[in-house]
Structure formats: C-alpha cells, structure tokens
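For reference, model15.cif is printed below; it contains mmCIF, C-alpha atoms.
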data_data
#
loop_
_atom_site.group_PDB
_atom_site.id
_atom_site.type_symbol
_atom_site.label_atom_id
_atom_site.label_comp_id
_atom_site.auth_asym_id
_atom_site.auth_seq_id
_atom_site.Cartn_x
_atom_site.Cartn_y
_atom_site.Cartn_z
ATOM 1 C CA MET L 1 -5.173 1.466 -18.807
ATOM 2 C CA ILE L 2 -3.670 -0.818 -21.462
ATOM 3 C CA GLN L 3 -5.715 -4.032 -21.598
ATOM 4 C CA SER L 4 -3.769 -6.108 -24.119
ATOM 5 C CA LEU L 5 -0.235 -6.894 -25.237
ATOM 6 C CA GLU L 6 -1.231 -6.935 -28.895
ATOM 7 C CA GLY L 7 1.028 -4.693 -30.977
ATOM 8 C CA LEU L 8 3.563 -4.185 -28.187
ATOM 9 C CA ARG L 9 7.155 -4.019 -29.428
ATOM 10 C CA LEU L 10 8.981 -6.106 -26.853
ATOM 11 C CA GLY L 11 12.686 -6.778 -26.653
ATOM 12 C CA ILE L 12 13.310 -10.208 -25.165
ATOM 13 C CA SER L 13 16.884 -10.669 -24.013
ATOM 14 C CA LEU L 14 18.274 -14.099 -23.187
ATOM 15 C CA CYS L 15 21.333 -14.548 -20.998
ATOM 16 C CA GLY L 16 23.333 -17.701 -20.352
ATOM 17 C CA SER L 17 21.065 -19.617 -18.000
ATOM 18 C CA PHE L 18 21.071 -22.437 -20.522
ATOM 19 C CA CYS L 19 18.904 -24.802 -18.454
ATOM 20 C CA THR L 20 15.952 -22.420 -18.921
ATOM 21 C CA PHE L 21 16.185 -21.967 -22.702
ATOM 22 C CA ASP L 22 13.432 -24.469 -23.547
ATOM 23 C CA SER L 23 11.057 -22.644 -21.183
ATOM 24 C CA ALA L 24 12.198 -19.277 -22.555
ATOM 25 C CA ILE L 25 11.431 -20.332 -26.127
ATOM 26 C CA LYS L 26 7.942 -21.480 -25.082
ATOM 27 C CA MET L 27 7.498 -18.101 -23.403
ATOM 28 C CA ILE L 28 8.536 -16.313 -26.619
ATOM 29 C CA GLU L 29 6.034 -18.422 -28.575
ATOM 30 C CA ARG L 30 3.319 -17.360 -26.133
ATOM 31 C CA PHE L 31 4.143 -13.677 -26.589
ATOM 32 C CA VAL L 32 3.960 -14.073 -30.377
ATOM 33 C CA GLU L 33 0.569 -15.815 -30.012
ATOM 34 C CA LEU L 34 -0.613 -12.792 -28.006
ATOM 35 C CA GLY L 35 0.267 -10.481 -30.903
ATOM 36 C CA VAL L 36 3.502 -9.109 -29.453
ATOM 37 C CA ASP L 37 6.178 -7.944 -31.905
ATOM 38 C CA VAL L 38 9.218 -9.639 -30.360
ATOM 39 C CA TYR L 39 12.771 -8.391 -30.932
ATOM 40 C CA PRO L 40 15.163 -11.144 -29.790
ATOM 41 C CA ILE L 41 18.475 -10.257 -28.171
ATOM 42 C CA MET L 42 21.097 -12.629 -26.771
ATOM 43 C CA SER L 43 24.236 -12.122 -24.751
ATOM 44 C CA ALA L 44 27.422 -13.276 -26.469
ATOM 45 C CA ASN L 45 27.624 -16.339 -24.223
ATOM 46 C CA ALA L 46 23.985 -17.264 -24.791
ATOM 47 C CA TYR L 47 24.452 -16.910 -28.548
ATOM 48 C CA GLU L 48 27.836 -18.609 -28.934
ATOM 49 C CA ILE L 49 27.973 -21.500 -26.444
ATOM 50 C CA THR L 50 26.649 -25.023 -26.895
ATOM 51 C CA THR L 51 26.043 -26.838 -23.605
ATOM 52 C CA ARG L 52 24.593 -30.113 -22.365
ATOM 53 C CA PHE L 53 21.190 -28.395 -22.493
ATOM 54 C CA GLY L 54 21.252 -28.035 -26.275
ATOM 55 C CA ARG L 55 23.055 -26.857 -29.374
ATOM 56 C CA ARG L 56 23.341 -23.126 -29.874
ATOM 57 C CA GLU L 57 22.360 -23.498 -33.533
ATOM 58 C CA ASP L 58 19.078 -25.141 -32.564
ATOM 59 C CA PHE L 59 18.143 -22.441 -30.051
ATOM 60 C CA ILE L 60 19.035 -19.671 -32.507
ATOM 61 C CA GLU L 61 17.000 -21.280 -35.288
ATOM 62 C CA GLN L 62 13.962 -21.754 -33.051
ATOM 63 C CA ILE L 63 14.017 -18.185 -31.765
ATOM 64 C CA GLU L 64 14.492 -16.655 -35.208
ATOM 65 C CA ASN L 65 11.753 -18.848 -36.697
ATOM 66 C CA VAL L 66 9.259 -17.942 -33.972
ATOM 67 C CA THR L 67 9.962 -14.195 -34.019
ATOM 68 C CA GLY L 68 10.698 -13.793 -37.728
ATOM 69 C CA LYS L 69 13.714 -11.668 -36.817
ATOM 70 C CA VAL L 70 17.473 -12.118 -36.721
ATOM 71 C CA ILE L 71 18.771 -12.186 -33.157
ATOM 72 C CA ILE L 72 20.687 -9.115 -32.011
ATOM 73 C CA HIS L 73 23.858 -10.564 -30.477
ATOM 74 C CA THR L 74 26.573 -7.921 -30.727
ATOM 75 C CA ILE L 75 27.236 -4.549 -29.104
ATOM 76 C CA VAL L 76 27.017 -2.911 -32.537
ATOM 77 C CA GLY L 77 23.678 -4.587 -33.182
ATOM 78 C CA ALA L 78 22.292 -3.577 -29.785
ATOM 79 C CA GLU L 79 23.384 0.064 -29.909
ATOM 80 C CA PRO L 80 20.393 1.328 -31.997
ATOM 81 C CA VAL L 81 17.737 -0.282 -29.756
ATOM 82 C CA GLY L 82 17.307 2.813 -27.579
ATOM 83 C CA PRO L 83 18.250 5.662 -29.924
ATOM 84 C CA LYS L 84 16.018 4.329 -32.738
ATOM 85 C CA ASN L 85 13.132 3.640 -30.327
ATOM 86 C CA MET L 86 12.933 0.036 -31.553
ATOM 87 C CA VAL L 87 11.007 -1.377 -28.573
ATOM 88 C CA ASP L 88 8.435 -0.234 -26.025
ATOM 89 C CA ALA L 89 9.675 -2.469 -23.206
ATOM 90 C CA MET L 90 12.461 -4.963 -22.451
ATOM 91 C CA LEU L 91 12.104 -8.397 -20.883
ATOM 92 C CA VAL L 92 15.360 -9.999 -19.727
ATOM 93 C CA ALA L 93 14.487 -13.693 -19.495
ATOM 94 C CA PRO L 94 16.430 -15.537 -18.291
ATOM 95 C CA CYS L 95 18.424 -12.911 -16.414
ATOM 96 C CA THR L 96 21.538 -14.440 -14.875
ATOM 97 C CA GLY L 97 23.183 -13.195 -11.708
ATOM 98 C CA ASN L 98 26.008 -11.835 -13.853
ATOM 99 C CA THR L 99 23.648 -9.683 -15.936
ATOM 100 C CA LEU L 100 21.652 -8.724 -12.842
ATOM 101 C CA SER L 101 24.785 -7.366 -11.176
ATOM 102 C CA LYS L 102 25.792 -5.457 -14.304
ATOM 103 C CA LEU L 103 22.364 -3.836 -14.633
ATOM 104 C CA ALA L 104 22.374 -2.874 -10.947
ATOM 105 C CA ASN L 105 25.782 -1.246 -11.332
ATOM 106 C CA GLY L 106 25.363 0.409 -14.736
ATOM 107 C CA ILE L 107 27.784 -1.861 -16.626
ATOM 108 C CA THR L 108 27.028 -2.097 -20.353
ATOM 109 C CA ASP L 109 29.512 -4.543 -21.865
ATOM 110 C CA THR L 110 27.110 -7.022 -23.500
ATOM 111 C CA PRO L 111 24.333 -6.672 -26.093
ATOM 112 C CA VAL L 112 21.759 -7.382 -23.362
ATOM 113 C CA THR L 113 23.037 -4.800 -20.876
ATOM 114 C CA LEU L 114 23.528 -2.137 -23.558
ATOM 115 C CA ALA L 115 20.028 -2.589 -24.996
ATOM 116 C CA THR L 116 18.439 -2.758 -21.549
ATOM 117 C CA LYS L 117 20.220 0.315 -20.209
ATOM 118 C CA SER L 118 19.070 2.254 -23.262
ATOM 119 C CA LEU L 119 15.474 1.698 -22.118
ATOM 120 C CA LEU L 120 16.229 2.555 -18.492
ATOM 121 C CA ARG L 121 17.705 5.909 -19.445
ATOM 122 C CA ASN L 122 14.389 6.765 -21.127
ATOM 123 C CA ALA L 123 12.250 5.409 -18.238
ATOM 124 C CA LYS L 124 10.748 2.631 -20.348
ATOM 125 C CA PRO L 125 9.697 -0.594 -18.601
ATOM 126 C CA VAL L 126 12.375 -3.214 -18.004
ATOM 127 C CA ILE L 127 11.094 -6.560 -16.798
ATOM 128 C CA ILE L 128 13.506 -9.040 -15.217
ATOM 129 C CA ALA L 129 12.978 -12.798 -14.999
ATOM 130 C CA ILE L 130 15.805 -13.928 -12.763
ATOM 131 C CA SER L 131 17.541 -17.283 -12.985
ATOM 132 C CA THR L 132 20.510 -17.277 -10.659
ATOM 133 C CA ASN L 133 22.166 -19.609 -8.186
ATOM 134 C CA ASP L 134 23.111 -16.713 -5.890
ATOM 135 C CA GLY L 135 19.900 -14.680 -5.762
ATOM 136 C CA LEU L 136 19.773 -15.041 -1.977
ATOM 137 C CA GLY L 137 23.543 -14.653 -1.724
ATOM 138 C CA LEU L 138 25.783 -12.008 -3.267
ATOM 139 C CA ASN L 139 23.138 -10.995 -5.801
ATOM 140 C CA LEU L 140 20.457 -10.235 -3.226
ATOM 141 C CA LYS L 141 21.726 -6.659 -2.920
ATOM 142 C CA ASN L 142 21.487 -6.257 -6.712
ATOM 143 C CA ILE L 143 17.877 -7.443 -6.697
ATOM 144 C CA GLY L 144 17.194 -4.859 -3.983
ATOM 145 C CA THR L 145 18.961 -2.132 -5.941
ATOM 146 C CA LEU L 146 16.956 -2.840 -9.090
ATOM 147 C CA MET L 147 13.656 -3.054 -7.199
ATOM 148 C CA THR L 148 14.090 0.567 -6.146
ATOM 149 C CA ASN L 149 14.168 1.686 -9.793
ATOM 150 C CA GLN L 150 10.646 2.711 -10.767
ATOM 151 C CA SER L 151 11.159 1.482 -14.340
ATOM 152 C CA VAL L 152 12.182 -2.060 -13.294
ATOM 153 C CA TYR L 153 9.694 -4.858 -12.686
ATOM 154 C CA PHE L 154 10.236 -8.498 -11.746
ATOM 155 C CA VAL L 155 8.545 -11.614 -13.025
ATOM 156 C CA PRO L 156 7.478 -13.369 -9.797
ATOM 157 C CA PHE L 157 10.133 -15.780 -8.578
ATOM 158 C CA ASN L 158 10.820 -18.389 -5.927
ATOM 159 C CA GLN L 159 13.504 -20.729 -4.664
ATOM 160 C CA ASP L 160 13.711 -23.513 -7.217
ATOM 161 C CA ASN L 161 15.494 -25.998 -4.929
ATOM 162 C CA PRO L 162 15.717 -24.738 -1.323
ATOM 163 C CA VAL L 163 17.311 -27.893 0.050
ATOM 164 C CA ASN L 164 20.118 -28.476 -2.440
ATOM 165 C CA LYS L 165 20.499 -24.897 -3.773
ATOM 166 C CA PRO L 166 19.362 -22.639 -0.920
ATOM 167 C CA TYR L 167 20.512 -19.385 -2.564
ATOM 168 C CA SER L 168 19.030 -20.126 -5.995
ATOM 169 C CA LEU L 169 16.088 -18.134 -7.387
ATOM 170 C CA ILE L 170 14.129 -18.652 -10.581
ATOM 171 C CA ALA L 171 11.283 -16.697 -12.169
ATOM 172 C CA ASP L 172 8.055 -18.336 -13.243
ATOM 173 C CA LEU L 173 8.160 -17.667 -16.978
ATOM 174 C CA SER L 174 4.483 -18.607 -17.341
ATOM 175 C CA LEU L 175 3.770 -15.317 -15.534
ATOM 176 C CA ALA L 176 5.891 -13.229 -17.937
ATOM 177 C CA PRO L 177 2.959 -12.030 -20.116
ATOM 178 C CA LYS L 178 0.949 -10.895 -17.061
ATOM 179 C CA THR L 179 4.047 -9.209 -15.633
ATOM 180 C CA VAL L 180 4.763 -7.348 -18.870
ATOM 181 C CA LEU L 181 1.137 -6.201 -19.119
ATOM 182 C CA ALA L 182 1.278 -4.916 -15.550
ATOM 183 C CA ALA L 183 4.638 -3.233 -16.205
ATOM 184 C CA ILE L 184 3.451 -1.282 -19.243
ATOM 185 C CA ASN L 185 0.707 -0.027 -16.930
ATOM 186 C CA GLN L 186 3.423 0.938 -14.405
ATOM 187 C CA LYS L 187 2.434 -1.773 -11.928
ATOM 188 C CA GLN L 188 4.371 -4.661 -10.389
ATOM 189 C CA LEU L 189 2.574 -7.998 -10.622
ATOM 190 C CA GLN L 190 2.095 -9.289 -7.091
ATOM 191 C CA PRO L 191 3.220 -11.170 -5.170
ATOM 192 C CA ILE L 192 6.824 -10.822 -6.386
ATOM 193 C CA ILE L 193 7.891 -13.756 -4.252
ATOM 194 C CA LYS L 194 5.755 -16.590 -5.540
ATOM 195 C CA ASN L 195 4.326 -19.278 -3.303
ATOM 196 C CA ASN L 196 5.533 -22.746 -4.311
#
Encoded form using structure tokens:
Amino acid sequence: MIQSLEGLRLGISLCGSFCTFDSAIKMIERFVELGVDVYPIMSANAYEITTRFGRREDFIEQIENVTGKVIIHTIVGAEPVGPKNMVDAMLVAPCTGNTLSKLANGITDTPVTLATKSLLRNAKPVIIAISTNDGLGLNLKNIGTLMTNQSVYFVPFNQDNPVNKPYSLIADLSLAPKTVLAAINQKQLQPIIKNN
C-alpha cells in the first residue's frame, strides 16, 4: 500500500469554474508541499477568459510559479500526456458539468478531456472534483456513468447552496490529497457525499 504522495507525478486539470480558482490554487500549493510533481493543465476557456473572479494572467502566473511548469493549454500540448507516460494520475479540479459530460461520453475536444482520456485508456487513476450547477440535474446521469468506471474516483462533494441552487454540487478541495492517495491505492475515499 502506498503511504505517501511524495514523488507522485500528478496532472491537475482546471476547467472553467472560475469561482473556485482561488481554492484550486491553494490545493495545488498543498500538493507541492506534499512533494507531488504537479503538471498543470487548463481548458481553453479556463486559460483564456478573464472574469469577475480574477484576471487570467494572474491565475496563470500563480499556477506556473507554484508548479515550476508551463501550463498545458492546447490539444497539441495535451496529446503527449498519455503516450509519453507523463503522469501517474489525473485530478480534474474544478471539473465543470461541461467537462463531466464530455468525459462520461468519451468526447475529447479540449486539452483537459484529451489528457484525461489518455489516462483512462490505460486504467490509470482519474480523480474528479466536481463544481457544477447541474450536478443533481442533467449531469447526475454523467456522475453515475463515471462512478461505474473502476479507474475514476471522486473528491467528496456536497450541495453548496441547497436553498438557492438546489441542483448545484461542489467538491471539498481540502480533501483532494486524501482522495488522490486513496485513488492510487485503488480505493474511493468515503463518504463520497460529504456531510455539511
């Protein structure tokens, strides 16, 4: 049984749930502190769009400074991830409903989905930290589909605002390191549905 994350080569893919980027960067910092060799990947939207939650340039600079690597953000850049055996596992955090549905249906039209699918085809661990407003709506079936894949694991999640956003689900990124450690040991951290 693997006891530590130290030395793990971990792809961390960020999708366009911009409101979670500050938490995601703190999570990346924590992985680096634990001795993880982080390979950052961003979807085109995550990489190219500035929103009210922050400037794209600032997020890119922070991630590249923390990891010491240039972010993979194109299809061409993501293509070697699987064939060159660049990472041991993939964490998609935050994983939007859009990316969730693509992964569940085998669609590989972004750097994140291409890199992630390249691990799935080799039965390497893929860990998903969902952040979606329709997790209990149209995307619920995609969560169910991915949960049946023995290489897919979920960072525990809950409803972030059941009253005003009753279909919305968000992962607890503070549990990402424990989830990844469990996943590389072929276990799902429990409970998947976190108590508030």
Closest to Met42 in chain L among L:Asp88, L:Glu64, L:Asp134, L:Asp22, using only C-alpha atoms? L:Glu64
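Using all atoms listed in the file, the smallest distance between any of L:Leu5, L:Cys15, L:Leu138, L:Ile127 and Asp37 in chain L comes from L:Leu5.
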Taking the file as shown, find all residues satisfying the PyMOL selection byres ((chain L and resi 102) around 12) and write them as a PyMOL selection string. chain L and resi 95-101+103-114+116-117+139+142-143+145-146
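Compared by their closest atoms to Pro177 in chain L, and using all atoms listed in the file, the residues L:Val87, L:Ala129, L:Leu140, L:Ile63 rank with L:Ala129 nearest.
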Got a sec to resolve the PyMOL selection byres ((chain L and resi 73) around 10) on this structure and send the residues as an MDAnalysis selection string? chainID L and resid 13:14 40:48 70:72 74:78 110:112
If the PyMOL selection byres ((chain L and resi 165) around 12) were run on this exact file, what residues would it hold? Put them as a PyMOL selection string. chain L and resi 132-137+158-164+166-170
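Among L:Pro156, L:Pro94, L:Pro125, L:Gly16, the residue with the shortest atom-to-atom distance to Thr50 in chain L, counting only C-alpha atoms, is L:Gly16.
You can rank L:Val92, L:Gly144, L:Gln188, L:Gln3 by their closest distance to Ile28 in chain L using only C-alpha atoms, and at the top of that list sits L:Val92.
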Of L:Lys141, L:Phe157, L:Met90, L:Ile25, the one sitting nearest Ala183 in chain L when using all atoms listed in the file is L:Met90
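Here CA of Leu91 in chain L is placed at a distance of 14.1 Å from CA of Ala123 in chain L.
Going from CA of Ser17 in chain L over to CA of Ser131 in chain L, you cover 6.6 Å.
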Kindly provide, as a PyMOL selection string, the polymer residues lying within 6 Å of (7.7, 3.4, -13.7), counting only C-alpha atoms and using the coordinates exactly as they appear in the file. chain L and resi 150-151+186
Near Ile2 in chain L, within 9 Å and counting all atoms listed in the file, which residues show up once chain neighbours fewer than 3 positions away are dropped, as a ChimeraX atom specification? /L:5,181-182,184-185
